[in-house]
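Chemist: Data: work_12.pdb, PDB, C-alpha atoms and all ligand atoms.
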```pdb
MODEL        1
ATOM      1  CA  MET S   5       0.000   0.000   0.000  1.00  0.00           C
ATOM      2  CA  ALA S   6       1.289   3.479  -0.881  1.00  0.00           C
ATOM      3  CA  PHE S   7       2.050   5.819   2.008  1.00  0.00           C
ATOM      4  CA  PRO S   8       0.003   7.465   3.382  1.00  0.00           C
ATOM      5  CA  PRO S   9      -3.506   6.090   2.766  1.00  0.00           C
ATOM      6  CA  ASN S  10      -6.302   8.652   2.438  1.00  0.00           C
ATOM      7  CA  ILE S  11      -7.128  11.513   4.769  1.00  0.00           C
ATOM      8  CA  ILE S  12     -10.907  11.734   4.798  1.00  0.00           C
ATOM      9  CA  LEU S  13     -12.798  14.828   5.938  1.00  0.00           C
ATOM     10  CA  VAL S  14     -16.316  14.308   7.239  1.00  0.00           C
ATOM     11  CA  GLY S  15     -18.827  16.640   8.826  1.00  0.00           C
ATOM     12  CA  PHE S  16     -21.916  18.708   8.283  1.00  0.00           C
ATOM     13  CA  MET S  17     -22.585  21.086   5.376  1.00  0.00           C
ATOM     14  CA  GLY S  18     -20.721  24.327   5.950  1.00  0.00           C
ATOM     15  CA  SER S  19     -17.956  22.770   8.036  1.00  0.00           C
ATOM     16  CA  GLY S  20     -15.425  23.674   5.327  1.00  0.00           C
ATOM     17  CA  LYS S  21     -14.543  20.148   4.139  1.00  0.00           C
ATOM     18  CA  THR S  22     -13.806  21.188   0.552  1.00  0.00           C
ATOM     19  CA  SER S  23     -11.825  24.358   1.190  1.00  0.00           C
ATOM     20  CA  THR S  24      -9.905  22.800   4.094  1.00  0.00           C
ATOM     21  CA  GLY S  25      -9.236  19.655   2.052  1.00  0.00           C
ATOM     22  CA  LYS S  26      -7.699  21.676  -0.799  1.00  0.00           C
ATOM     23  CA  GLU S  27      -5.465  23.553   1.635  1.00  0.00           C
ATOM     24  CA  LEU S  28      -4.452  20.352   3.418  1.00  0.00           C
ATOM     25  CA  ALA S  29      -3.614  18.538   0.185  1.00  0.00           C
ATOM     26  CA  GLY S  30      -1.425  21.497  -0.854  1.00  0.00           C
ATOM     27  CA  ILE S  31       0.392  21.522   2.493  1.00  0.00           C
ATOM     28  CA  LEU S  32       1.051  17.767   2.538  1.00  0.00           C
ATOM     29  CA  GLY S  33       1.711  17.392  -1.204  1.00  0.00           C
ATOM     30  CA  LEU S  34      -1.204  14.970  -1.660  1.00  0.00           C
ATOM     31  CA  SER S  35      -3.907  15.084  -4.311  1.00  0.00           C
ATOM     32  CA  PHE S  36      -7.380  16.338  -3.436  1.00  0.00           C
ATOM     33  CA  CYS S  37     -10.808  15.130  -4.459  1.00  0.00           C
ATOM     34  CA  ASP S  38     -14.294  16.244  -3.511  1.00  0.00           C
ATOM     35  CA  MET S  39     -16.857  13.449  -3.454  1.00  0.00           C
ATOM     36  CA  ASP S  40     -19.774  15.595  -4.629  1.00  0.00           C
ATOM     37  CA  GLN S  41     -17.717  16.920  -7.548  1.00  0.00           C
ATOM     38  CA  TRP S  42     -16.799  13.334  -8.446  1.00  0.00           C
ATOM     39  CA  ILE S  43     -20.515  12.425  -8.476  1.00  0.00           C
ATOM     40  CA  GLU S  44     -21.253  15.493 -10.616  1.00  0.00           C
ATOM     41  CA  GLY S  45     -18.544  14.387 -13.059  1.00  0.00           C
ATOM     42  CA  GLN S  46     -19.953  10.847 -13.226  1.00  0.00           C
ATOM     43  CA  THR S  47     -23.589  11.898 -13.677  1.00  0.00           C
ATOM     44  CA  GLY S  48     -23.101  15.125 -15.657  1.00  0.00           C
ATOM     45  CA  LYS S  49     -25.422  16.903 -13.220  1.00  0.00           C
ATOM     46  CA  LYS S  50     -25.075  19.194 -10.238  1.00  0.00           C
ATOM     47  CA  VAL S  51     -25.963  17.642  -6.872  1.00  0.00           C
ATOM     48  CA  HIS S  52     -29.097  19.789  -6.540  1.00  0.00           C
ATOM     49  CA  GLU S  53     -30.194  18.744 -10.053  1.00  0.00           C
ATOM     50  CA  ILE S  54     -29.767  15.064  -9.129  1.00  0.00           C
ATOM     51  CA  PHE S  55     -31.961  15.622  -6.045  1.00  0.00           C
ATOM     52  CA  ALA S  56     -34.567  17.457  -8.151  1.00  0.00           C
ATOM     53  CA  ASP S  57     -34.583  15.068 -11.132  1.00  0.00           C
ATOM     54  CA  GLU S  58     -33.856  11.650  -9.622  1.00  0.00           C
ATOM     55  CA  GLY S  59     -34.497  12.106  -5.918  1.00  0.00           C
ATOM     56  CA  GLU S  60     -32.414  11.658  -2.788  1.00  0.00           C
ATOM     57  CA  ALA S  61     -32.349   7.825  -2.893  1.00  0.00           C
ATOM     58  CA  TYR S  62     -30.654   7.918  -6.314  1.00  0.00           C
ATOM     59  CA  PHE S  63     -28.142  10.490  -5.042  1.00  0.00           C
ATOM     60  CA  ARG S  64     -27.319   8.221  -2.071  1.00  0.00           C
ATOM     61  CA  GLU S  65     -26.654   5.344  -4.503  1.00  0.00           C
ATOM     62  CA  GLN S  66     -24.199   7.561  -6.374  1.00  0.00           C
ATOM     63  CA  GLU S  67     -22.656   8.446  -3.041  1.00  0.00           C
ATOM     64  CA  GLY S  68     -22.167   4.723  -2.378  1.00  0.00           C
ATOM     65  CA  LYS S  69     -20.321   4.369  -5.707  1.00  0.00           C
ATOM     66  CA  ALA S  70     -18.137   7.327  -4.789  1.00  0.00           C
ATOM     67  CA  VAL S  71     -17.303   5.851  -1.370  1.00  0.00           C
ATOM     68  CA  ARG S  72     -16.349   2.527  -2.965  1.00  0.00           C
ATOM     69  CA  PHE S  73     -14.191   4.326  -5.519  1.00  0.00           C
ATOM     70  CA  PHE S  74     -12.378   6.472  -2.949  1.00  0.00           C
ATOM     71  CA  ALA S  75     -11.841   3.517  -0.630  1.00  0.00           C
ATOM     72  CA  LEU S  76      -9.536   2.127  -3.340  1.00  0.00           C
ATOM     73  CA  GLN S  77      -7.482   5.310  -3.666  1.00  0.00           C
ATOM     74  CA  GLU S  78      -4.353   6.176  -1.737  1.00  0.00           C
ATOM     75  CA  GLN S  79      -2.409   9.300  -0.835  1.00  0.00           C
ATOM     76  CA  MET S  80      -5.434  11.464  -1.296  1.00  0.00           C
ATOM     77  CA  VAL S  81      -7.297  14.051   0.746  1.00  0.00           C
ATOM     78  CA  VAL S  82     -11.000  13.353   0.249  1.00  0.00           C
ATOM     79  CA  ALA S  83     -13.800  15.782   1.166  1.00  0.00           C
ATOM     80  CA  THR S  84     -16.972  13.741   1.662  1.00  0.00           C
ATOM     81  CA  GLY S  85     -20.531  15.040   1.237  1.00  0.00           C
ATOM     82  CA  GLY S  86     -22.181  15.673   4.612  1.00  0.00           C
ATOM     83  CA  GLY S  87     -24.489  12.656   4.325  1.00  0.00           C
ATOM     84  CA  ALA S  88     -21.965  10.060   3.104  1.00  0.00           C
ATOM     85  CA  TRP S  89     -20.824   9.298   6.646  1.00  0.00           C
ATOM     86  CA  THR S  90     -24.345   8.684   7.955  1.00  0.00           C
ATOM     87  CA  ASN S  91     -24.690   5.374   6.102  1.00  0.00           C
ATOM     88  CA  GLN S  92     -23.160   2.610   8.232  1.00  0.00           C
ATOM     89  CA  THR S  93     -21.752   0.571   5.335  1.00  0.00           C
ATOM     90  CA  HIS S  94     -20.167   3.664   3.785  1.00  0.00           C
ATOM     91  CA  ARG S  95     -18.838   4.801   7.134  1.00  0.00           C
ATOM     92  CA  GLU S  96     -17.159   1.461   7.832  1.00  0.00           C
ATOM     93  CA  LEU S  97     -15.560   1.480   4.389  1.00  0.00           C
ATOM     94  CA  LEU S  98     -14.263   5.019   4.878  1.00  0.00           C
ATOM     95  CA  LEU S  99     -12.897   4.111   8.319  1.00  0.00           C
ATOM     96  CA  ARG S 100     -10.983   1.205   6.780  1.00  0.00           C
ATOM     97  CA  SER S 101      -9.578   3.259   3.925  1.00  0.00           C
ATOM     98  CA  GLY S 102      -7.943   6.123   5.744  1.00  0.00           C
ATOM     99  CA  TRP S 103      -7.722   8.587   8.618  1.00  0.00           C
ATOM    100  CA  CYS S 104     -11.189  10.046   9.122  1.00  0.00           C
ATOM    101  CA  LEU S 105     -11.447  13.502  10.650  1.00  0.00           C
ATOM    102  CA  TRP S 106     -14.647  15.198  11.733  1.00  0.00           C
ATOM    103  CA  LEU S 107     -14.635  18.915  10.990  1.00  0.00           C
ATOM    104  CA  GLN S 108     -16.844  20.011  13.847  1.00  0.00           C
ATOM    105  CA  VAL S 109     -18.921  23.154  13.368  1.00  0.00           C
ATOM    106  CA  SER S 110     -21.652  24.876  15.370  1.00  0.00           C
ATOM    107  CA  PRO S 111     -25.032  25.534  13.727  1.00  0.00           C
ATOM    108  CA  GLU S 112     -24.278  29.280  13.753  1.00  0.00           C
ATOM    109  CA  TYR S 113     -21.018  28.975  11.802  1.00  0.00           C
ATOM    110  CA  ALA S 114     -22.440  26.355   9.429  1.00  0.00           C
ATOM    111  CA  TRP S 115     -25.440  28.599   8.748  1.00  0.00           C
ATOM    112  CA  ALA S 116     -23.192  31.601   8.069  1.00  0.00           C
ATOM    113  CA  ARG S 117     -21.381  29.535   5.417  1.00  0.00           C
ATOM    114  CA  VAL S 118     -24.404  27.970   3.694  1.00  0.00           C
ATOM    115  CA  LYS S 119     -27.129  30.610   3.861  1.00  0.00           C
ATOM    116  CA  GLY S 120     -25.830  32.481   0.796  1.00  0.00           C
ATOM    117  CA  ASN S 121     -26.218  29.502  -1.549  1.00  0.00           C
ATOM    118  CA  LEU S 122     -29.190  27.555  -0.230  1.00  0.00           C
ATOM    119  CA  LEU S 123     -30.244  26.537  -3.733  1.00  0.00           C
ATOM    120  CA  GLN S 124     -27.139  24.317  -3.859  1.00  0.00           C
ATOM    121  CA  ARG S 125     -28.223  22.630  -0.592  1.00  0.00           C
ATOM    122  CA  PRO S 126     -31.281  20.554  -1.469  1.00  0.00           C
ATOM    123  CA  LEU S 127     -31.717  19.240   2.086  1.00  0.00           C
ATOM    124  CA  LEU S 128     -32.196  22.771   3.408  1.00  0.00           C
ATOM    125  CA  ALA S 129     -33.594  24.618   0.387  1.00  0.00           C
ATOM    126  CA  GLY S 130     -37.037  23.002   0.586  1.00  0.00           C
ATOM    127  CA  ALA S 131     -37.540  23.593   4.318  1.00  0.00           C
ATOM    128  CA  ALA S 132     -39.923  26.287   5.547  1.00  0.00           C
ATOM    129  CA  ASP S 133     -37.302  27.283   8.111  1.00  0.00           C
ATOM    130  CA  PRO S 134     -33.868  26.228   6.783  1.00  0.00           C
ATOM    131  CA  LEU S 135     -31.966  27.264   9.929  1.00  0.00           C
ATOM    132  CA  SER S 136     -34.184  25.081  12.156  1.00  0.00           C
ATOM    133  CA  GLU S 137     -33.798  22.251   9.669  1.00  0.00           C
ATOM    134  CA  LEU S 138     -30.020  22.664   9.793  1.00  0.00           C
ATOM    135  CA  ARG S 139     -30.051  22.535  13.618  1.00  0.00           C
ATOM    136  CA  LYS S 140     -32.288  19.461  13.594  1.00  0.00           C
ATOM    137  CA  LYS S 141     -30.222  17.540  11.032  1.00  0.00           C
ATOM    138  CA  MET S 142     -26.965  18.464  12.721  1.00  0.00           C
ATOM    139  CA  GLY S 143     -28.362  17.312  16.054  1.00  0.00           C
ATOM    140  CA  GLU S 144     -29.325  13.974  14.494  1.00  0.00           C
ATOM    141  CA  ARG S 145     -25.928  13.473  12.865  1.00  0.00           C
ATOM    142  CA  ASP S 146     -23.369  14.663  15.389  1.00  0.00           C
ATOM    143  CA  THR S 147     -23.302  11.337  17.269  1.00  0.00           C
ATOM    144  CA  LEU S 148     -22.399   9.636  13.989  1.00  0.00           C
ATOM    145  CA  TYR S 149     -19.744  12.186  13.043  1.00  0.00           C
ATOM    146  CA  SER S 150     -18.208  11.652  16.482  1.00  0.00           C
ATOM    147  CA  LEU S 151     -17.320   8.083  15.366  1.00  0.00           C
ATOM    148  CA  ALA S 152     -14.525   9.558  13.218  1.00  0.00           C
ATOM    149  CA  GLN S 153     -11.002   9.004  14.529  1.00  0.00           C
ATOM    150  CA  ARG S 154     -10.590  12.625  15.522  1.00  0.00           C
ATOM    151  CA  ALA S 155     -12.635  15.812  15.845  1.00  0.00           C
ATOM    152  CA  ILE S 156     -11.274  19.205  14.850  1.00  0.00           C
ATOM    153  CA  ASP S 157     -13.146  22.311  15.967  1.00  0.00           C
ATOM    154  CA  THR S 158     -13.495  24.729  13.045  1.00  0.00           C
ATOM    155  CA  ASP S 159     -15.536  27.576  14.543  1.00  0.00           C
ATOM    156  CA  GLY S 160     -13.918  30.957  13.934  1.00  0.00           C
ATOM    157  CA  LYS S 161     -11.018  29.431  12.000  1.00  0.00           C
ATOM    158  CA  THR S 162     -10.153  29.814   8.328  1.00  0.00           C
ATOM    159  CA  PRO S 163      -9.787  26.672   6.174  1.00  0.00           C
ATOM    160  CA  ARG S 164      -6.027  27.397   6.103  1.00  0.00           C
ATOM    161  CA  ASP S 165      -5.906  27.471   9.955  1.00  0.00           C
ATOM    162  CA  VAL S 166      -7.768  24.170  10.147  1.00  0.00           C
ATOM    163  CA  ALA S 167      -5.588  22.576   7.472  1.00  0.00           C
ATOM    164  CA  LEU S 168      -2.401  23.644   9.271  1.00  0.00           C
ATOM    165  CA  GLU S 169      -3.772  22.245  12.536  1.00  0.00           C
ATOM    166  CA  ILE S 170      -4.528  18.901  10.873  1.00  0.00           C
ATOM    167  CA  ALA S 171      -1.120  18.818   9.151  1.00  0.00           C
ATOM    168  CA  GLU S 172       0.576  19.391  12.501  1.00  0.00           C
ATOM    169  CA  ILE S 173      -1.378  16.561  14.160  1.00  0.00           C
ATOM    170  CA  PHE S 174      -0.637  14.334  11.165  1.00  0.00           C
ATOM    171  CA  LEU S 175       3.110  14.962  11.408  1.00  0.00           C
ATOM    172  CA  LYS S 176       3.196  14.671  15.205  1.00  0.00           C
ATOM    173  CA  GLU S 177       0.918  11.677  15.741  1.00  0.00           C
ATOM    174  CA  LYS S 178       1.766   9.719  12.581  1.00  0.00           C
ATOM    175  CA  PRO S 179      -1.652   8.031  12.330  1.00  0.00           C
ATOM    176  CA  PHE S 180      -0.246   5.737   9.633  1.00  0.00           C
ATOM    177  CA  GLY S 181       3.116   5.118  11.303  1.00  0.00           C
ATOM    178  CA  SER S 182       6.281   6.258   9.567  1.00  0.00           C
ATOM    179  CA  PRO S 183       6.853   6.034   5.808  1.00  0.00           C
ATOM    180  CA  PRO S 184       8.385   2.683   4.800  1.00  0.00           C
ATOM    181  CA  ARG S 185      12.184   2.862   4.395  1.00  0.00           C
ATOM    182  CA  GLN S 186      13.444   2.867   0.829  1.00  0.00           C
ATOM    183  CA  GLU S 187      15.979   0.032   0.508  1.00  0.00           C
TER     184      GLU S 187
HETATM  185  C1  LIG D   1     -25.551  16.556   1.910  1.00  0.00           C
HETATM  186  C2  LIG D   1     -24.452  17.385   1.870  1.00  0.00           C
HETATM  187  C3  LIG D   1     -23.938  17.981   0.636  1.00  0.00           C
HETATM  188  C4  LIG D   1     -24.348  17.140  -0.598  1.00  0.00           C
HETATM  189  C5  LIG D   1     -25.817  16.873  -0.588  1.00  0.00           C
HETATM  190  C6  LIG D   1     -26.288  16.151   0.673  1.00  0.00           C
HETATM  191  C7  LIG D   1     -25.989  16.000   3.199  1.00  0.00           C
HETATM  192  O1  LIG D   1     -22.523  18.059   0.669  1.00  0.00           O
HETATM  193  O2  LIG D   1     -23.650  15.925  -0.600  1.00  0.00           O
HETATM  194  O3  LIG D   1     -26.479  18.098  -0.721  1.00  0.00           O
HETATM  195  O4  LIG D   1     -26.738  15.019   3.225  1.00  0.00           O
HETATM  196  O5  LIG D   1     -25.557  16.539   4.259  1.00  0.00           O
HETATM  197  P1  LIG D   1     -21.706  19.135   1.568  1.00  0.00           P
HETATM  198  O6  LIG D   1     -21.609  18.597   2.952  1.00  0.00           O
HETATM  199  O7  LIG D   1     -20.375  19.206   0.899  1.00  0.00           O
HETATM  200  O8  LIG D   1     -22.448  20.432   1.488  1.00  0.00           O
ENDMDL
END
```
Please lay out the structure from this file as structure tokens.
Modeler:
Amino acid sequence: MAFPPNIILVGFMGSGKTSTGKELAGILGLSFCDMDQWIEGQTGKKVHEIFADEGEAYFREQEGKAVRFFALQEQMVVATGGGAWTNQTHRELLLRSGWCLWLQVSPEYAWARVKGNLLQRPLLAGAADPLSELRKKMGERDTLYSLAQRAIDTDGKTPRDVALEIAEIFLKEKPFGSPPRQE
């Protein structure tokens, strides 16, 4: 297996998985991939169009394909979609394929990040009160996100700050051990 396996960012919408993942990949010299963008590339549709045209169940199937694909990759920083981690089978696969980090965010900070582009967030866009819906969904999911190997608080931090914090932990704690020696 190539060193290191994947670093996988999980967490709620608006926790900064994509922007932090790009920063982190740059810092560590790894490649970056966003699961939702991968699904958009495979289907030729935006996530909100998939929800509108095919429905959530179809989107979750595509998410399953993405999880299976990324579980086979190595040396990659992967930003998951907020719901990918909530499926037990997908979660177990992600846990086996890399170091899974929960980017923890409060409802207030998540709302500040998502409220400007609600149309891209099909789970919130249809709700009569999107902020209450966000709080409710986050409340339902946080116990699952807490099953990740580590939680990183992101409130009040820039994606660059969070990425540097993760890189420091990565270098200090060596979650994958040390790189194999070249003979
Ligand atoms: C979802 C989160 C979104 C996207 C889809 C469903 C969710 O990704 O996958 O709208 O279930 O929480 P982000 O977390 O990147 O916004």
Chemist: For a quick check of understanding, using only C-alpha atoms, which of S:Trp115, S:Tyr149, S:Phe63, S:Trp103 has the smallest distance to Phe180 in chain S?
Modeler: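 Closest to Phe180 in chain S of all the choices is S:Trp103.
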Chemist: Listing only residues of range 65-97 of chain S within 9 Å of range 12-23 of chain S, what is the closest atom pair and its distance in Å (to one decimal) for each, using all atoms listed in the file, sorted by chain and residue number ascending, as CSV?
Modeler:
```
residue,atom,partner,partner_atom,distance
S:Met80,CA,S:Ile12,CA,8.2
S:Val81,CA,S:Ile12,CA,5.9
S:Val82,CA,S:Ile12,CA,4.8
S:Ala83,CA,S:Leu13,CA,5.0
S:Thr84,CA,S:Val14,CA,5.6
S:Gly85,CA,S:Val14,CA,7.4
S:Gly86,CA,S:Phe16,CA,4.8
S:Gly87,CA,S:Phe16,CA,7.7
S:Ala88,CA,S:Val14,CA,8.2
S:Trp89,CA,S:Val14,CA,6.8
```
Chemist: Save the residues we just selected, C-alpha atoms, as a PDB file, keeping the file's coordinate frame?
Modeler:
```
ATOM      1  CA  MET S  80      -5.434  11.464  -1.296  1.00  0.00           C
ATOM      2  CA  VAL S  81      -7.297  14.051   0.746  1.00  0.00           C
ATOM      3  CA  VAL S  82     -11.000  13.353   0.249  1.00  0.00           C
ATOM      4  CA  ALA S  83     -13.800  15.782   1.166  1.00  0.00           C
ATOM      5  CA  THR S  84     -16.972  13.741   1.662  1.00  0.00           C
ATOM      6  CA  GLY S  85     -20.531  15.040   1.237  1.00  0.00           C
ATOM      7  CA  GLY S  86     -22.181  15.673   4.612  1.00  0.00           C
ATOM      8  CA  GLY S  87     -24.489  12.656   4.325  1.00  0.00           C
ATOM      9  CA  ALA S  88     -21.965  10.060   3.104  1.00  0.00           C
ATOM     10  CA  TRP S  89     -20.824   9.298   6.646  1.00  0.00           C
TER      11      TRP S  89
END
```
Chemist: Produce the centre coordinates and the three edge lengths, each in Å to one decimal, of the box along x, y and z that contains all listed atoms of ligand LIG 1 (chain D) with 8 Å added on each side, as JSON.
Modeler:
```
{"center_x": -23.6, "center_y": 17.7, "center_z": 1.8, "size_x": 22.4, "size_y": 21.4, "size_z": 21.0}
```
Chemist: Within 8 Å of range 150-152 of chain S, counting only C-alpha atoms, which residues show up once you throw out same-chain ones fewer than 2 positions away? Write them as a PyMOL selection string, please.
Modeler: chain S and resi 14+99+104-106+146-148+154-155
Chemist: Residue by residue, what does the PyMOL selection byres (((chain S and resi 79) around 6) and not hetatm) grab here? Present the result as a PyMOL selection string.
Modeler: chain S and resi 8-10+34+78+80
Chemist: Store the residues picked out above in a file with C-alpha atoms, as a PDB file, keeping the file's coordinate frame.
Modeler:
```
ATOM      1  CA  PRO S   8       0.003   7.465   3.382  1.00  0.00           C
ATOM      2  CA  PRO S   9      -3.506   6.090   2.766  1.00  0.00           C
ATOM      3  CA  ASN S  10      -6.302   8.652   2.438  1.00  0.00           C
ATOM      4  CA  LEU S  34      -1.204  14.970  -1.660  1.00  0.00           C
ATOM      5  CA  GLU S  78      -4.353   6.176  -1.737  1.00  0.00           C
ATOM      6  CA  MET S  80      -5.434  11.464  -1.296  1.00  0.00           C
TER       7      MET S  80
END
```
Chemist: Range 68-75 of chain S: which residues within 8 Å, counting only C-alpha atoms, same-chain residues fewer than 2 positions away excluded, as a CSV table (one decimal) with C-alpha atoms, in the coordinates of the input?
Modeler:
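This is the output file around.csv:
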```csv
chain,number,residue,atom,x,y,z
S,39,MET,CA,-16.9,13.4,-3.5
S,42,TRP,CA,-16.8,13.3,-8.4
S,43,ILE,CA,-20.5,12.4,-8.5
S,64,ARG,CA,-27.3,8.2,-2.1
S,65,GLU,CA,-26.7,5.3,-4.5
S,66,GLN,CA,-24.2,7.6,-6.4
S,77,GLN,CA,-7.5,5.3,-3.7
S,82,VAL,CA,-11.0,13.4,0.2
S,88,ALA,CA,-22.0,10.1,3.1
S,94,HIS,CA,-20.2,3.7,3.8
S,97,LEU,CA,-15.6,1.5,4.4
S,98,LEU,CA,-14.3,5.0,4.9
S,100,ARG,CA,-11.0,1.2,6.8
S,101,SER,CA,-9.6,3.3,3.9
S,102,GLY,CA,-7.9,6.1,5.7
```
Chemist: For Glu27 in chain S, list every protein, DNA or RNA residue within 8 Å, evaluated using all atoms listed in the file, and leave out those in the same chain fewer than 6 positions away; present the list as an NGL selection string.
Modeler: :S and (163-164 or 167)
Chemist: Quick check on the file I pasted: which residues fall under the PyMOL selection byres (((chain S and resi 118) around 10) and not hetatm)? Write them as a short mmCIF file (atom, residue, chain, number, x, y, z; two decimals) with C-alpha atoms, keeping the file's coordinate frame.
Modeler:
```
data_model
loop_
_atom_site.label_atom_id
_atom_site.label_comp_id
_atom_site.auth_asym_id
_atom_site.auth_seq_id
_atom_site.Cartn_x
_atom_site.Cartn_y
_atom_site.Cartn_z
CA MET S 17 -22.58 21.09 5.38
CA GLY S 18 -20.72 24.33 5.95
CA SER S 19 -17.96 22.77 8.04
CA TYR S 113 -21.02 28.98 11.80
CA ALA S 114 -22.44 26.36 9.43
CA TRP S 115 -25.44 28.60 8.75
CA ALA S 116 -23.19 31.60 8.07
CA ARG S 117 -21.38 29.54 5.42
CA LYS S 119 -27.13 30.61 3.86
CA GLY S 120 -25.83 32.48 0.80
CA ASN S 121 -26.22 29.50 -1.55
CA LEU S 122 -29.19 27.56 -0.23
CA LEU S 123 -30.24 26.54 -3.73
CA GLN S 124 -27.14 24.32 -3.86
CA ARG S 125 -28.22 22.63 -0.59
CA LEU S 128 -32.20 22.77 3.41
CA LEU S 135 -31.97 27.26 9.93
CA LEU S 138 -30.02 22.66 9.79
#
```
Chemist: Grab the atom C2 of ligand LIG 1 (chain D) to CA of His52 in chain S distance for me, in Å with one decimal place.
Modeler: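 Value for the atom C2 of ligand LIG 1 (chain D)-CA of His52 in chain S distance: 9.9 Å.
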Chemist: Rank nothing, just name the residue among S:Arg95, S:Lys141, S:Lys176, S:Lys49 nearest to ligand LIG 1 (chain D), using all atoms listed in the file.
Modeler: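 Among the listed residues, S:Lys141 lies closest to ligand LIG 1 (chain D).
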